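One file, target-v8.json, carrying JSON, C-alpha atoms:
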[["chain", "number", "residue", "atom", "x", "y", "z"],
["I", 1, "MET", "CA", 29.57, 59.57, 28.12],
["I", 2, "LYS", "CA", 25.85, 59.63, 28.71],
["I", 3, "VAL", "CA", 23.79, 62.54, 27.34],
["I", 4, "ILE", "CA", 20.52, 63.39, 29.07],
["I", 5, "LYS", "CA", 17.57, 65.50, 27.94],
["I", 6, "LYS", "CA", 18.90, 68.58, 29.77],
["I", 7, "ASP", "CA", 22.21, 68.29, 27.89],
["I", 8, "ILE", "CA", 20.36, 68.21, 24.57],
["I", 9, "THR", "CA", 18.33, 71.28, 25.54],
["I", 10, "ASP", "CA", 21.47, 73.18, 26.61],
["I", 11, "LYS", "CA", 23.28, 72.26, 23.40],
["I", 12, "ILE", "CA", 20.37, 73.37, 21.19],
["I", 13, "TYR", "CA", 20.07, 76.62, 23.14],
["I", 14, "SER", "CA", 23.79, 77.44, 22.89],
["I", 15, "LYS", "CA", 23.84, 76.69, 19.14],
["I", 16, "TYR", "CA", 20.75, 78.86, 18.65],
["I", 17, "ILE", "CA", 22.27, 81.81, 20.55],
["I", 18, "ARG", "CA", 25.59, 81.41, 18.67],
["I", 19, "ASP", "CA", 24.05, 81.08, 15.19],
["I", 20, "TYR", "CA", 21.24, 83.63, 15.57],
["I", 21, "PRO", "CA", 22.54, 86.37, 17.90],
["I", 22, "SER", "CA", 20.21, 89.04, 16.52],
["I", 23, "ILE", "CA", 17.11, 86.98, 17.44],
["I", 24, "ASN", "CA", 17.36, 86.44, 21.19],
["I", 25, "THR", "CA", 13.65, 85.99, 21.81],
["I", 26, "VAL", "CA", 13.79, 82.25, 22.51],
["I", 27, "ARG", "CA", 14.43, 81.19, 26.09],
["I", 28, "LYS", "CA", 15.94, 77.92, 27.26],
["I", 29, "GLN", "CA", 12.59, 76.95, 28.80],
["I", 30, "SER", "CA", 10.94, 77.22, 25.38],
["I", 31, "ILE", "CA", 13.48, 74.83, 23.89],
["I", 32, "GLN", "CA", 12.91, 72.44, 26.80],
["I", 33, "ILE", "CA", 9.18, 72.48, 26.04],
["I", 34, "ILE", "CA", 9.85, 71.78, 22.35],
["I", 35, "VAL", "CA", 12.16, 68.84, 23.18],
["I", 36, "ASP", "CA", 9.57, 67.44, 25.62],
["I", 37, "LEU", "CA", 6.77, 67.82, 23.05],
["I", 38, "PHE", "CA", 8.85, 66.11, 20.38],
["I", 39, "LEU", "CA", 9.59, 63.12, 22.59],
["I", 40, "GLN", "CA", 5.97, 62.96, 23.77],
["I", 41, "THR", "CA", 4.73, 63.01, 20.16],
["I", 42, "VAL", "CA", 7.09, 60.20, 19.13],
["I", 43, "THR", "CA", 5.93, 58.16, 22.13],
["I", 44, "GLU", "CA", 2.24, 58.76, 21.38],
["I", 45, "GLU", "CA", 2.67, 57.74, 17.74],
["I", 46, "LEU", "CA", 4.43, 54.52, 18.74],
["I", 47, "LEU", "CA", 1.70, 53.72, 21.28],
["I", 48, "VAL", "CA", -1.04, 53.87, 18.61],
["I", 49, "GLY", "CA", 1.03, 51.72, 16.23],
["I", 50, "ASN", "CA", 2.43, 54.33, 13.86],
["I", 51, "THR", "CA", 6.01, 54.35, 12.59],
["I", 52, "VAL", "CA", 8.02, 57.55, 13.06],
["I", 53, "GLU", "CA", 10.46, 58.16, 10.20],
["I", 54, "LEU", "CA", 13.04, 60.93, 10.44],
["I", 55, "ARG", "CA", 14.74, 61.07, 7.02],
["I", 56, "GLY", "CA", 18.47, 60.60, 7.24],
["I", 57, "PHE", "CA", 18.35, 59.82, 10.96],
["I", 58, "GLY", "CA", 16.28, 56.69, 11.30],
["I", 59, "VAL", "CA", 12.97, 54.98, 11.93],
["I", 60, "PHE", "CA", 11.28, 54.34, 15.26],
["I", 61, "GLU", "CA", 8.73, 51.55, 15.18],
["I", 62, "ARG", "CA", 6.77, 49.24, 17.41],
["I", 63, "LYS", "CA", 7.58, 45.51, 17.27],
["I", 64, "LEU", "CA", 5.84, 42.60, 18.91],
["I", 65, "GLN", "CA", 8.00, 40.61, 21.31],
["I", 66, "LYS", "CA", 6.74, 37.04, 21.43],
["I", 67, "ALA", "CA", 6.11, 35.36, 24.77],
["I", 68, "ARG", "CA", 8.88, 33.36, 26.40],
["I", 69, "PHE", "CA", 7.93, 31.06, 29.19],
["I", 70, "TRP", "CA", 10.03, 30.68, 32.29],
["I", 71, "THR", "CA", 12.23, 33.71, 31.85],
["I", 72, "LYS", "CA", 14.65, 34.27, 34.72],
["I", 73, "ASP", "CA", 14.35, 37.51, 36.71],
["I", 74, "PRO", "CA", 17.94, 38.85, 37.06],
["I", 75, "ARG", "CA", 17.16, 40.68, 40.31],
["I", 76, "ASN", "CA", 16.18, 37.67, 42.39],
["I", 77, "GLY", "CA", 16.72, 34.60, 40.19],
["I", 78, "ASN", "CA", 13.06, 33.54, 40.19],
["I", 79, "TYR", "CA", 11.49, 32.25, 37.02],
["I", 80, "ILE", "CA", 8.57, 34.28, 35.66],
["I", 81, "ASP", "CA", 6.20, 34.06, 32.71],
["I", 82, "CYS", "CA", 6.88, 36.62, 29.99],
["I", 83, "PHE", "CA", 3.80, 37.32, 27.88],
["I", 84, "ASP", "CA", 3.51, 38.92, 24.42],
["I", 85, "HIS", "CA", 4.33, 42.61, 24.57],
["I", 86, "TYR", "CA", 5.44, 45.46, 22.33],
["I", 87, "LYS", "CA", 8.81, 47.15, 22.35],
["I", 88, "ALA", "CA", 10.16, 50.24, 20.61],
["I", 89, "THR", "CA", 12.91, 49.65, 18.07],
["I", 90, "PHE", "CA", 15.15, 51.97, 16.09],
["I", 91, "ARG", "CA", 16.68, 51.43, 12.64],
["I", 92, "GLN", "CA", 19.32, 53.94, 11.69],
["I", 93, "GLY", "CA", 19.02, 55.86, 8.44],
["I", 94, "GLU", "CA", 21.54, 55.87, 5.62],
["I", 95, "LYS", "CA", 23.11, 59.22, 6.54],
["I", 96, "LEU", "CA", 23.53, 58.26, 10.20],
["I", 97, "LYS", "CA", 24.86, 54.84, 9.23],
["I", 98, "ALA", "CA", 27.47, 56.42, 6.93],
["I", 99, "GLN", "CA", 28.54, 58.89, 9.62],
["I", 100, "MET", "CA", 28.86, 56.12, 12.21],
["I", 101, "LYS", "CA", 31.13, 54.14, 9.89],
["I", 102, "GLU", "CA", 33.50, 57.12, 9.64],
["I", 103, "ILE", "CA", 34.22, 57.18, 13.38],
["I", 104, "PRO", "CA", 37.68, 55.78, 14.08],
["I", 105, "VAL", "CA", 37.70, 52.79, 16.41],
["I", 106, "GLN", "CA", 39.86, 53.14, 19.50],
["I", 107, "LYS", "CA", 41.45, 49.85, 20.46],
["I", 108, "SER", "CA", 42.04, 49.27, 24.13]]
Could you take the file, read its structure, and then write that structure out as structure tokens?
Amino acid sequence: MKVIKKDITDKIYSKYIRDYPSINTVRKQSIQIIVDLFLQTVTEELLVGNTVELRGFGVFERKLQKARFWTKDPRNGNYIDCFDHYKATFRQGEKLKAQMKEIPVQKS
């Protein structure tokens, strides 16, 4: 199942309303703004070359992808030059890694 930004906002809002019923001053639009600002801040930090570390969750960082010449374009099959460029990478933290190992594997 794919989770989109709206799903995350809705989930945060419903948990907030459930856990803090006496403080109903936060609207769903405010949470949407906070989620957008968080993602924008992570993106901006990666663009200037900083590493974003969220303890227990993981590390977002910028890595240099070396050039590969004559890479094949999957859309049309033409060969294109692929120059040096940066890409965003994610390394999971210890807590997340431990939680992921606890998920039972469903064999098909």
> Of the candidates I:Asp36, I:Glu45, I:Glu94, I:Glu102, which shows the shortest atom-to-atom distance to Lys6 (chain I), using all atoms listed in the file?
Replying inline: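 Nearest candidate to Lys6 (chain I) out of I:Asp36, I:Glu45, I:Glu94, I:Glu102: I:Asp36.
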> Between I:Leu46, I:Ile31, I:Leu39, I:Leu64, which one has atoms that come closest to Asp10 (chain I), using only C-alpha atoms?
Replying inline: I:Ile31
>> I'd like the interatomic distance between CA of Gly93 (chain I) and CA of Thr41 (chain I), to a tenth of an Å.
In response: 19.8 Å
> Rounded to one decimal in Å, what is the spacing between CA of Thr9 (chain I) and CA of Arg27 (chain I)?
Replying inline: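 For CA of Thr9 (chain I) relative to CA of Arg27 (chain I), the distance reads 10.7 Å.
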>> Rounded to one decimal, what separation in Å do you get between CA of Tyr13 (chain I) and CA of Glu44 (chain I)?
In response: 25.3 Å
Edge lengths and centre in Å to one decimal, as lines of an AutoDock Vina configuration file, is what I'm after for the box along x, y and z that holds all listed atoms of region 27-43 of chain I once 4 Å is added on each side.
center_x = 10.3
center_y = 69.7
center_z = 24.0
size_x = 19.2
size_y = 31.0
size_z = 17.7
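For the residues I:Gly56, I:Gln106, I:Ser14, I:Trp70, ranking by smallest atom-to-atom distance to Gln92 (chain I) using all atoms listed in the file places I:Gly56 first.
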Spatial neighbours of Val48 (chain I), max dist 12 Å, all atoms listed in the file, sep filter under 3 positions, as a tab-separated table (two decimals) with C-alpha atoms, in the frame of the given file:
chain	number	residue	atom	x	y	z
I	41	THR	CA	4.73	63.01	20.16
I	42	VAL	CA	7.09	60.20	19.13
I	43	THR	CA	5.93	58.16	22.13
I	44	GLU	CA	2.24	58.76	21.38
I	45	GLU	CA	2.67	57.74	17.74
I	51	THR	CA	6.01	54.35	12.59
I	52	VAL	CA	8.02	57.55	13.06
I	61	GLU	CA	8.73	51.55	15.18
I	62	ARG	CA	6.77	49.24	17.41
I	86	TYR	CA	5.44	45.46	22.33
I	88	ALA	CA	10.16	50.24	20.61
> Skipping near chain neighbours, those fewer than 6 positions away, what residues fall within 12 Å of Lys15 (chain I) using all atoms listed in the file, listed as a count of residues only?
Replying inline: 7
